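Below you'll find the structure, written out as structure tokens, and then a few comments.
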Amino acid sequence: MASVAASPHGDGGVHEDDPIDRISRRRADIQGLRGLAVLLVVAFHAGIAVPGGFIGVDVFFVISGFVITNLLFAELETTSRLRFRAFYVRRVRRLLPALALVIVAVMVLGIFLLSPLGTQQHTASLGRSAATFRANLSLYNQSAGYFDLSPSTNPFLHMWSLAVEEQFYLVFPVFVLLAWSRGTRLLRLRSRRVATAAWLAIAAGASLWLSADLTSGHSLQGTIARPALFAFYSLPTRAWEFAFGALLALGVPVLQRLPRGAGVIGGSAGLLLIIISARLITATTPFPGTVALVPVIGATLLIAAGTVTSSGVGRLLETKVLVWLGDLSYSWYLWHWPLIVFAAAMWPLHGSLLLPLVAALALGPSWLSYRFFERPFRTRASWTRHRALAIAAICIATPVAASFALAPRMSRFVASTASVDAMNYQLRPHSRFGSRCSGTVQDQPKPACTAAPTAPTHGEVWLVGDSQAGQLAEPVAQATSRNRFTFITSHFDQCPFVDLLLVTQHIEARTCRHFVRATVDNLIARSPRLVIIASDSSSYIDDGAFTLQDPRTHVTASTRASKARLWELGLRAVLQRFHDANIPALVVNTIPHFGSWDPRTCPALILASGIGRCGTSRSASSVRSEQAAALEAERRATRATTTDMIDFTDLLCDHTRCATNRGAAFVYLDSHHLSVDGALTLAQDFSRRIVAGARSS
């Protein structure tokens with residue numbers, strides 16, 4: 001979500017020992033297209049400025065559909081049957097040995113380079129799913145809580161697409177055989193090729209409709225949990241992409257009669273569509289849905305153009321570099337992401353060159369894997385069915401067994417129990433006012449979200465906002481109790497407390513605004529002595545994953561400057577209502593952030609040398625620069641409504657650096673949130689501001 005990629009190879013190139021493969025000539029342009037696609041995916045993962053590089057996924061799916069259908073139909077038209085045994089032996093040879101090698105290598109390296117605080121366990125679980133081609137189902141079914149470990153910390157995240165491909169290979173040959181043998185009778189068509197194409201088009205249409213429906217959250221949204229996630233990860237919603245390639249393969253006899261000029265124009269258009277997709281589609285774009293038609297049609301046009309002529313774009317795709325990358329695409333795809341995850345864990349807040357460098361260096365093990373592991377298994381002529389079954393069993397059982405290397409008892413081999421326990425204590429969750437106080441409007445405050453003093457109370461102080469409010473509950477509760485106020489909190493993770501629509505794939509846009517407006521109405525009715533508002537303003541303004549929209553004018557903002565202007569208006573609208581109701585408010589500015597740093601990903605190797613080394617720091621100047629747009633927007637909004645504001649940056653940073661920890665004491669829980677102990681250091685400041693700002697009667 002938000003960003004991930006697909007398996008780069010449906011069925012490699014031509015296997016010289018297989019008679020069906022010999023029927024289809026090697027297409028250097030297709031191999032070059034694979035090289036281009038994997039380059040897009042790797043660039044996206046490495047943080048290079050290719051926001052839509054993940055569309056390489058879709059290019060690979062189209063290639064797979066084209067190549068597999070060519071092979072299947074060549075056999076059907078030659079022998080009038082399909083050798084399922086031979087087909088699946090080729091799949092085993094092509095995919096399983098290299099996959100097993102990478103999974104085992106990641107498991108072993110993970111003992112040292114992954115964290116026993118969570119990433120080791122998650123990696124072991126997803127690794128078992130990857131070995132049995134269920135990674136996409138596991139990622140769909142896994143917990144998706146706001147504070148859960150990001151899927152991007154898992155070295156096997158990219159395996160979901162390989163699972164989709166294998167599931168496609170499992171059912172597609174049966175579909176083709178049925179359509180070829182029975183389709184003419186049902187559709188009253190004479191040509192088996194035309195009948196198969198017709199059935200395939202019907203299936204593709206149904207898959208595309210389902211993908212579009214779930215991606216946009218329309219009619220089926222109530223019947224499938226997390227519909228957008230299901231659309232992204234499932235075979236039924238991705239099958240149409242394979243089908244485009246398959247339909248193209250069935251249309252080869254027609255394509256071969258087209259003039260050369262049509263191929264040149266089609267290839268140019270296809271390349272343009274892929275470039276547009278890679279540049280304009282982003283992590284915030286609802287995907288796949290109908291938007292995925294752009295890269296899919298682009299890939300289809302490129303393959304079709306190469307069928308018509310080798311001129312034009314085909315010559316570009318046939319360059320040695322792209323063809324070489326195409327040869328390595330499966331291995332490079334398998335290796336690059338785990339190495340990026342390891343590097344990001346070892347060196348958080350990395351420089352801009354680290355991940356691209358690691359991605360490029362991944363070509364080394366990729367070439368070794370291809371040359372000495374993948375290719376020998378793929379081209380060996382002495383394979384029998386029984387030997388293939390034995391190799392398949394070994395390639396599945398060995399990674400599953402290796403996953404137990406990351407069991408908690410094994411992680412103690414590097415990081416001691418004492419260091420793990422100490423870190424877990426530092427990172428304990430904000431449980432006193434946790435999820436029970438999040439996501440609902442509290443007309444009658446829940447006891448779990450309320451803290452009343454033992455002495456008679458001076459009235460209510462409310463804390464509202466997103467997860468930034470949730471992290472401040474302990475210090476505000478302590479401060480209110482000290483000054484004999486009743487403390488009540490209600491927050492909604494990833495919902496800013498401004499009168500705007502937040503456009504994101506995670507939460508329906510109007511849900512957040514309803515929470516904000518209903519909470520404001522409730523507070524005006526209750527008339528508390530003070531309302532404290534805390535939102536992660538700099539994230540919503542600076543992060544490209546969020547788009548803001550003014551619900552009154554329908555103006556949409558996606559740039560930093562335009563979002564800051566809307567943020568000012570949205571916050572001012574909320575503060576004005578409190579001002580008109582004579583309810584004092586205190587706006588808490590966002591705290592310093594630390595990129596993608598998460599102490600729960602601290603490698604065992606570093607954790608073993610002392611938990612303090614799991615922290616990180618930034619220059620204070622870079623923090624203030626990052627906060628500037630949000631801070632100024634909130635300053636203008638509070639001035640316009642004579643509202644008070646508090647900024648803790650100077651308390652959390654010194655003159656030169658901002659740090660996540662002070663030795664073994666962690667101030668931060670993750671990159672955007674304070675730890676319990678870190679938050680409690682703010683209690684005294686809150687106490688002073690509550691006494692000064694609360695309405696006297």
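Chain labels A, B, ... are given in the sequence in which chains occur in the structure tokens; within each chain residues are numbered consecutively from 1, and ligands are likewise numbered from 1 in the order shown.
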
I'd like to know which residues of region 576-653 of chain A are helix (DSSP H, G or I) (by DSSP, run on the backbone); could you write them as an MDAnalysis selection string? chainID A and resid 576:580 599:601 604:607 611:614 620:640 649:652

Near Val313 (chain A), within 7 Å and counting only C-alpha atoms, which residues show up once chain neighbours fewer than 5 positions away are dropped, as a ChimeraX atom specification? /A:264,267-268

May I have the residues within 12 Å of Gly678 (chain A) as a list of chain:residue names, using only C-alpha atoms and disregarding those fewer than 3 positions away in the same chain?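 Result of the neighbour search: A:Gln426, A:Leu427, A:Arg428, A:Pro429, A:His430, A:Gln471, A:Leu472, A:Glu474, A:Pro475, A:Ile591, A:Phe648, A:Leu651, A:Leu652, A:Ala659, A:Thr660, A:Asn661, A:Arg662, A:Ala665, A:Phe666, A:Val667, A:Tyr668, A:Leu669, A:Asp670, A:His673, A:Leu674, A:Ser675, A:Thr681, A:Leu682, A:Ala683.
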
Write to file, as an mmCIF file, in the first residue's frame, the residues of the selection just made, with N, CA, C and O atoms.
data_model
loop_
_atom_site.group_PDB
_atom_site.id
_atom_site.type_symbol
_atom_site.label_atom_id
_atom_site.label_comp_id
_atom_site.auth_asym_id
_atom_site.auth_seq_id
_atom_site.Cartn_x
_atom_site.Cartn_y
_atom_site.Cartn_z
ATOM 1 N N GLN A 426 11.255 -1.036 27.019
ATOM 2 C CA GLN A 426 11.346 0.334 26.521
ATOM 3 C C GLN A 426 10.258 0.624 25.484
ATOM 4 O O GLN A 426 9.774 1.753 25.380
ATOM 5 N N LEU A 427 9.873 -0.398 24.736
ATOM 6 C CA LEU A 427 8.924 -0.202 23.636
ATOM 7 C C LEU A 427 7.527 -0.704 23.986
ATOM 8 O O LEU A 427 6.738 -1.022 23.091
ATOM 9 N N ARG A 428 7.207 -0.773 25.265
ATOM 10 C CA ARG A 428 5.868 -1.218 25.651
ATOM 11 C C ARG A 428 4.821 -0.254 25.102
ATOM 12 O O ARG A 428 5.049 0.952 25.021
ATOM 13 N N PRO A 429 3.671 -0.754 24.708
ATOM 14 C CA PRO A 429 2.654 0.097 24.061
ATOM 15 C C PRO A 429 1.963 1.027 25.046
ATOM 16 O O PRO A 429 2.001 0.825 26.267
ATOM 17 N N HIS A 430 1.318 2.035 24.498
ATOM 18 C CA HIS A 430 0.510 2.972 25.298
ATOM 19 C C HIS A 430 -0.817 2.278 25.615
ATOM 20 O O HIS A 430 -1.855 2.559 25.008
ATOM 21 N N GLN A 471 -0.671 8.959 21.855
ATOM 22 C CA GLN A 471 0.628 8.844 22.521
ATOM 23 C C GLN A 471 0.771 9.820 23.683
ATOM 24 O O GLN A 471 1.650 9.644 24.540
ATOM 25 N N LEU A 472 -0.069 10.860 23.729
ATOM 26 C CA LEU A 472 0.038 11.877 24.777
ATOM 27 C C LEU A 472 -0.932 11.642 25.924
ATOM 28 O O LEU A 472 -0.998 12.447 26.861
ATOM 29 N N GLU A 474 -1.021 9.492 28.445
ATOM 30 C CA GLU A 474 -0.443 9.326 29.792
ATOM 31 C C GLU A 474 0.003 10.651 30.405
ATOM 32 O O GLU A 474 -0.376 10.952 31.551
ATOM 33 N N PRO A 475 0.786 11.480 29.704
ATOM 34 C CA PRO A 475 1.194 12.736 30.341
ATOM 35 C C PRO A 475 0.039 13.702 30.567
ATOM 36 O O PRO A 475 0.014 14.406 31.591
ATOM 37 N N ILE A 591 5.547 16.318 16.578
ATOM 38 C CA ILE A 591 6.877 16.094 17.139
ATOM 39 C C ILE A 591 7.861 15.760 16.016
ATOM 40 O O ILE A 591 7.456 15.430 14.905
ATOM 41 N N PHE A 648 6.898 20.950 21.218
ATOM 42 C CA PHE A 648 7.836 20.255 22.092
ATOM 43 C C PHE A 648 9.189 19.987 21.435
ATOM 44 O O PHE A 648 10.014 19.269 22.007
ATOM 45 N N LEU A 651 12.217 20.692 23.499
ATOM 46 C CA LEU A 651 12.357 19.799 24.643
ATOM 47 C C LEU A 651 12.900 18.435 24.217
ATOM 48 O O LEU A 651 13.651 17.791 24.962
ATOM 49 N N LEU A 652 12.538 18.002 22.990
ATOM 50 C CA LEU A 652 12.948 16.689 22.510
ATOM 51 C C LEU A 652 14.287 16.719 21.782
ATOM 52 O O LEU A 652 14.875 15.667 21.531
ATOM 53 N N ALA A 659 17.331 13.049 18.873
ATOM 54 C CA ALA A 659 17.660 11.632 19.021
ATOM 55 C C ALA A 659 16.449 10.840 19.488
ATOM 56 O O ALA A 659 15.572 11.356 20.186
ATOM 57 N N THR A 660 16.402 9.575 19.087
ATOM 58 C CA THR A 660 15.306 8.692 19.480
ATOM 59 C C THR A 660 15.480 8.151 20.883
ATOM 60 O O THR A 660 14.521 7.663 21.483
ATOM 61 N N ASN A 661 16.704 8.225 21.405
ATOM 62 C CA ASN A 661 16.976 7.641 22.716
ATOM 63 C C ASN A 661 18.104 8.399 23.408
ATOM 64 O O ASN A 661 18.892 9.105 22.765
ATOM 65 N N ARG A 662 18.139 8.229 24.699
ATOM 66 C CA ARG A 662 19.232 8.768 25.516
ATOM 67 C C ARG A 662 19.886 7.578 26.203
ATOM 68 O O ARG A 662 19.452 7.145 27.271
ATOM 69 N N ALA A 665 17.672 4.482 27.362
ATOM 70 C CA ALA A 665 16.310 4.987 27.582
ATOM 71 C C ALA A 665 15.766 5.544 26.269
ATOM 72 O O ALA A 665 16.294 6.523 25.739
ATOM 73 N N PHE A 666 14.696 4.945 25.767
ATOM 74 C CA PHE A 666 14.139 5.359 24.484
ATOM 75 C C PHE A 666 13.034 6.388 24.673
ATOM 76 O O PHE A 666 12.076 6.170 25.413
ATOM 77 N N VAL A 667 13.210 7.507 24.003
ATOM 78 C CA VAL A 667 12.208 8.566 24.014
ATOM 79 C C VAL A 667 11.112 8.256 22.997
ATOM 80 O O VAL A 667 9.963 8.655 23.166
ATOM 81 N N TYR A 668 11.467 7.513 21.946
ATOM 82 C CA TYR A 668 10.539 7.226 20.854
ATOM 83 C C TYR A 668 10.161 5.745 20.816
ATOM 84 O O TYR A 668 10.980 4.861 21.077
ATOM 85 N N LEU A 669 8.902 5.508 20.468
ATOM 86 C CA LEU A 669 8.379 4.163 20.259
ATOM 87 C C LEU A 669 8.640 3.707 18.828
ATOM 88 O O LEU A 669 8.955 2.555 18.564
ATOM 89 N N ASP A 670 8.454 4.624 17.907
ATOM 90 C CA ASP A 670 8.794 4.405 16.504
ATOM 91 C C ASP A 670 9.106 5.760 15.888
ATOM 92 O O ASP A 670 9.253 6.749 16.609
ATOM 93 N N HIS A 673 6.180 8.347 16.906
ATOM 94 C CA HIS A 673 5.472 8.327 18.190
ATOM 95 C C HIS A 673 6.443 8.175 19.353
ATOM 96 O O HIS A 673 7.421 7.435 19.270
ATOM 97 N N LEU A 674 6.118 8.861 20.452
ATOM 98 C CA LEU A 674 6.926 8.788 21.659
ATOM 99 C C LEU A 674 6.655 7.497 22.412
ATOM 100 O O LEU A 674 5.549 6.943 22.362
ATOM 101 N N SER A 675 7.665 7.012 23.113
ATOM 102 C CA SER A 675 7.471 5.883 24.015
ATOM 103 C C SER A 675 6.672 6.353 25.231
ATOM 104 O O SER A 675 6.450 7.559 25.429
ATOM 105 N N THR A 681 7.722 12.537 29.977
ATOM 106 C CA THR A 681 8.597 13.692 30.244
ATOM 107 C C THR A 681 7.904 15.010 29.927
ATOM 108 O O THR A 681 8.391 16.083 30.300
ATOM 109 N N LEU A 682 6.761 14.943 29.232
ATOM 110 C CA LEU A 682 6.032 16.161 28.852
ATOM 111 C C LEU A 682 4.960 16.533 29.872
ATOM 112 O O LEU A 682 4.284 17.557 29.708
ATOM 113 N N ALA A 683 4.773 15.712 30.899
ATOM 114 C CA ALA A 683 3.665 15.923 31.831
ATOM 115 C C ALA A 683 3.729 17.279 32.514
ATOM 116 O O ALA A 683 2.705 17.972 32.680
#

What are the closest atom pairs, with distances in Å to one decimal, for each residue of region 602-663 of chain A lying within 9 Å of region 111-128 of chain A, using only C-alpha atoms, rows by chain and rising residue number, as CSV?
residue,atom,partner,partner_atom,distance
A:Cys602,CA,A:Ser115,CA,5.1
A:Pro603,CA,A:Ser115,CA,4.3
A:Ala604,CA,A:Ser115,CA,5.1
A:Leu605,CA,A:Phe112,CA,5.1
A:Ile606,CA,A:Leu113,CA,8.4
A:Leu607,CA,A:Ser115,CA,8.0

Output as a PyMOL selection string all residues of region 354-565 of chain A that backbone DSSP marks as strand (DSSP E). chain A and resi 450-451+460-465+486-491+501-503+530-534+547-549+556-557

Just to be explicit: take each residue in the selection above, keep C-alpha atoms, and write the result as a PDB file, in the first residue's frame.
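Result written to result28.pdb:
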ATOM      1  CA  THR A 450     -11.492   8.536  31.441  1.00  0.00           C
ATOM      2  CA  ALA A 451      -9.269   9.403  34.395  1.00  0.00           C
ATOM      3  CA  GLU A 460     -13.328  18.070  31.926  1.00  0.00           C
ATOM      4  CA  VAL A 461     -10.213  18.304  29.790  1.00  0.00           C
ATOM      5  CA  TRP A 462     -10.448  16.411  26.495  1.00  0.00           C
ATOM      6  CA  LEU A 463      -7.601  15.121  24.347  1.00  0.00           C
ATOM      7  CA  VAL A 464      -8.588  14.499  20.711  1.00  0.00           C
ATOM      8  CA  GLY A 465      -6.819  13.851  17.416  1.00  0.00           C
ATOM      9  CA  THR A 486     -11.310  14.919  34.710  1.00  0.00           C
ATOM     10  CA  PHE A 487      -9.363  13.621  31.726  1.00  0.00           C
ATOM     11  CA  ILE A 488     -11.184  12.143  28.687  1.00  0.00           C
ATOM     12  CA  THR A 489      -9.644  11.079  25.397  1.00  0.00           C
ATOM     13  CA  SER A 490     -10.967  10.044  22.000  1.00  0.00           C
ATOM     14  CA  HIS A 491      -8.730   9.640  18.986  1.00  0.00           C
ATOM     15  CA  LEU A 501     -11.226  15.011   3.584  1.00  0.00           C
ATOM     16  CA  LEU A 502      -8.123  12.835   3.812  1.00  0.00           C
ATOM     17  CA  VAL A 503      -7.714  10.798   0.631  1.00  0.00           C
ATOM     18  CA  LEU A 530     -10.158  22.740  27.668  1.00  0.00           C
ATOM     19  CA  VAL A 531      -9.736  20.724  24.457  1.00  0.00           C
ATOM     20  CA  ILE A 532      -6.226  19.570  23.511  1.00  0.00           C
ATOM     21  CA  ILE A 533      -5.799  18.737  19.808  1.00  0.00           C
ATOM     22  CA  ALA A 534      -2.870  16.699  18.518  1.00  0.00           C
ATOM     23  CA  THR A 547      -3.985  13.926  -0.471  1.00  0.00           C
ATOM     24  CA  LEU A 548      -6.182  16.558   1.182  1.00  0.00           C
ATOM     25  CA  GLN A 549      -9.493  17.897  -0.095  1.00  0.00           C
ATOM     26  CA  THR A 556      -7.751  18.945  -3.840  1.00  0.00           C
ATOM     27  CA  ALA A 557      -4.143  19.401  -2.734  1.00  0.00           C
TER      28      ALA A 557
END

Region 37-127 of chain A residues near region 361-365 of chain A within 12 Å, closest pair each, using only C-alpha atoms, as a Markdown table:
| residue | atom | partner | partner_atom | distance |
| --- | --- | --- | --- | --- |
| A:Val38 | CA | A:Leu363 | CA | 11.7 |
| A:Leu39 | CA | A:Leu363 | CA | 11.3 |
| A:Val42 | CA | A:Ala362 | CA | 10.1 |
| A:Ala46 | CA | A:Ala362 | CA | 11.3 |
| A:Ala98 | CA | A:Pro365 | CA | 11.3 |
| A:Leu101 | CA | A:Pro365 | CA | 11.0 |
| A:Val102 | CA | A:Pro365 | CA | 9.8 |
| A:Ala105 | CA | A:Pro365 | CA | 11.0 |

Distance criterion (only C-alpha atoms): nearest to Tyr169 (chain A) out of A:Phe87, A:Phe594, A:Phe232, A:Trp240: A:Phe87

Each residue of region 144-225 of chain A with at least one atom at most 10 Å from region 291-305 of chain A should appear once, together with its nearest atom pair and the corresponding distance in Å (one decimal); atoms considered: only C-alpha atoms; ordering: chain, then increasing residue number; output as a Markdown table.
| residue | atom | partner | partner_atom | distance |
| --- | --- | --- | --- | --- |
| A:Leu208 | CA | A:Leu293 | CA | 9.1 |
| A:Ser211 | CA | A:Ala292 | CA | 9.6 |
| A:Ala212 | CA | A:Val291 | CA | 8.6 |
| A:Thr215 | CA | A:Val291 | CA | 9.9 |

Next, write the just-selected residues to a file, as an mmCIF file, in the first residue's frame, keeping N, CA and C atoms as the atom set.
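That gives us out.cif:
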data_model
loop_
_atom_site.group_PDB
_atom_site.id
_atom_site.type_symbol
_atom_site.label_atom_id
_atom_site.label_comp_id
_atom_site.auth_asym_id
_atom_site.auth_seq_id
_atom_site.Cartn_x
_atom_site.Cartn_y
_atom_site.Cartn_z
ATOM 1 N N LEU A 208 -11.525 -8.276 -14.720
ATOM 2 C CA LEU A 208 -11.301 -6.832 -14.732
ATOM 3 C C LEU A 208 -12.421 -6.104 -13.997
ATOM 4 N N SER A 211 -11.839 -6.613 -10.324
ATOM 5 C CA SER A 211 -10.696 -5.804 -9.892
ATOM 6 C C SER A 211 -11.086 -4.338 -9.734
ATOM 7 N N ALA A 212 -11.795 -3.801 -10.730
ATOM 8 C CA ALA A 212 -12.206 -2.398 -10.681
ATOM 9 C C ALA A 212 -13.193 -2.159 -9.546
ATOM 10 N N THR A 215 -11.316 -2.464 -6.120
ATOM 11 C CA THR A 215 -10.332 -1.390 -5.952
ATOM 12 C C THR A 215 -11.011 -0.075 -5.593
#

Residues of region 500-601 of chain A that have any atom at most 12 Å from an atom of region 637-642 of chain A: could you tabulate them with the shortest-distance atom pair and the distance in Å to one decimal, using only C-alpha atoms, ordered by chain and increasing number, as a tab-separated table?
residue	atom	partner	partner_atom	distance
A:Ile533	CA	A:Thr638	CA	11.6
A:Ala564	CA	A:Ala637	CA	10.8
A:Arg565	CA	A:Ala637	CA	9.9
A:Leu566	CA	A:Ala637	CA	10.5
A:Trp567	CA	A:Ala637	CA	8.7
A:Glu568	CA	A:Ala637	CA	5.3
A:Leu569	CA	A:Ala637	CA	7.1
A:Gly570	CA	A:Ala637	CA	8.7
A:Leu571	CA	A:Ala637	CA	6.3
A:Arg572	CA	A:Ala637	CA	4.8
A:Ala573	CA	A:Ala637	CA	8.7
A:Val574	CA	A:Ala637	CA	9.7
A:Leu575	CA	A:Thr641	CA	6.4
A:Gln576	CA	A:Thr641	CA	5.9
A:Arg577	CA	A:Thr641	CA	9.4
A:Phe578	CA	A:Thr641	CA	9.1
A:His579	CA	A:Thr641	CA	6.7
A:Asp580	CA	A:Thr641	CA	9.3
A:Ala581	CA	A:Thr641	CA	12.0
A:Asn582	CA	A:Thr641	CA	11.2
A:Ile583	CA	A:Thr642	CA	11.4
A:Pro584	CA	A:Thr642	CA	9.2
A:Ala585	CA	A:Thr638	CA	9.3
A:Leu586	CA	A:Thr638	CA	8.9
A:Val587	CA	A:Thr638	CA	7.8
A:Val588	CA	A:Thr638	CA	10.8
A:Asn589	CA	A:Thr638	CA	11.1

Which value, in Å to one decimal, gives the distance between CA of Ala262 (chain A) and CA of Arg315 (chain A)? 15.4 Å

Find the residues around Phe172 (chain A) up to 12 Å (only C-alpha atoms counted), leave out those fewer than 6 positions away in its own chain, and share them as a VMD selection string. chain A and resid 64 to 65 68 to 69 72 to 73 82 84 87 to 88 164 to 166 178 to 179 196 200 203 235 to 236 239 to 240 242 to 243 246

Which polymer residues have any atom within 9 Å of an atom of Ser216 (chain A), counting only C-alpha atoms, with same-chain residues fewer than 6 positions away left out, as a PyMOL selection string? chain A and resi 227-228+286-287+289

Residues within 9 Å of Ile391 (chain A), only C-alpha atoms, excluding chain neighbours under 4 positions, as a PyMOL selection string: chain A and resi 92-93+96-97+386-387+395-396
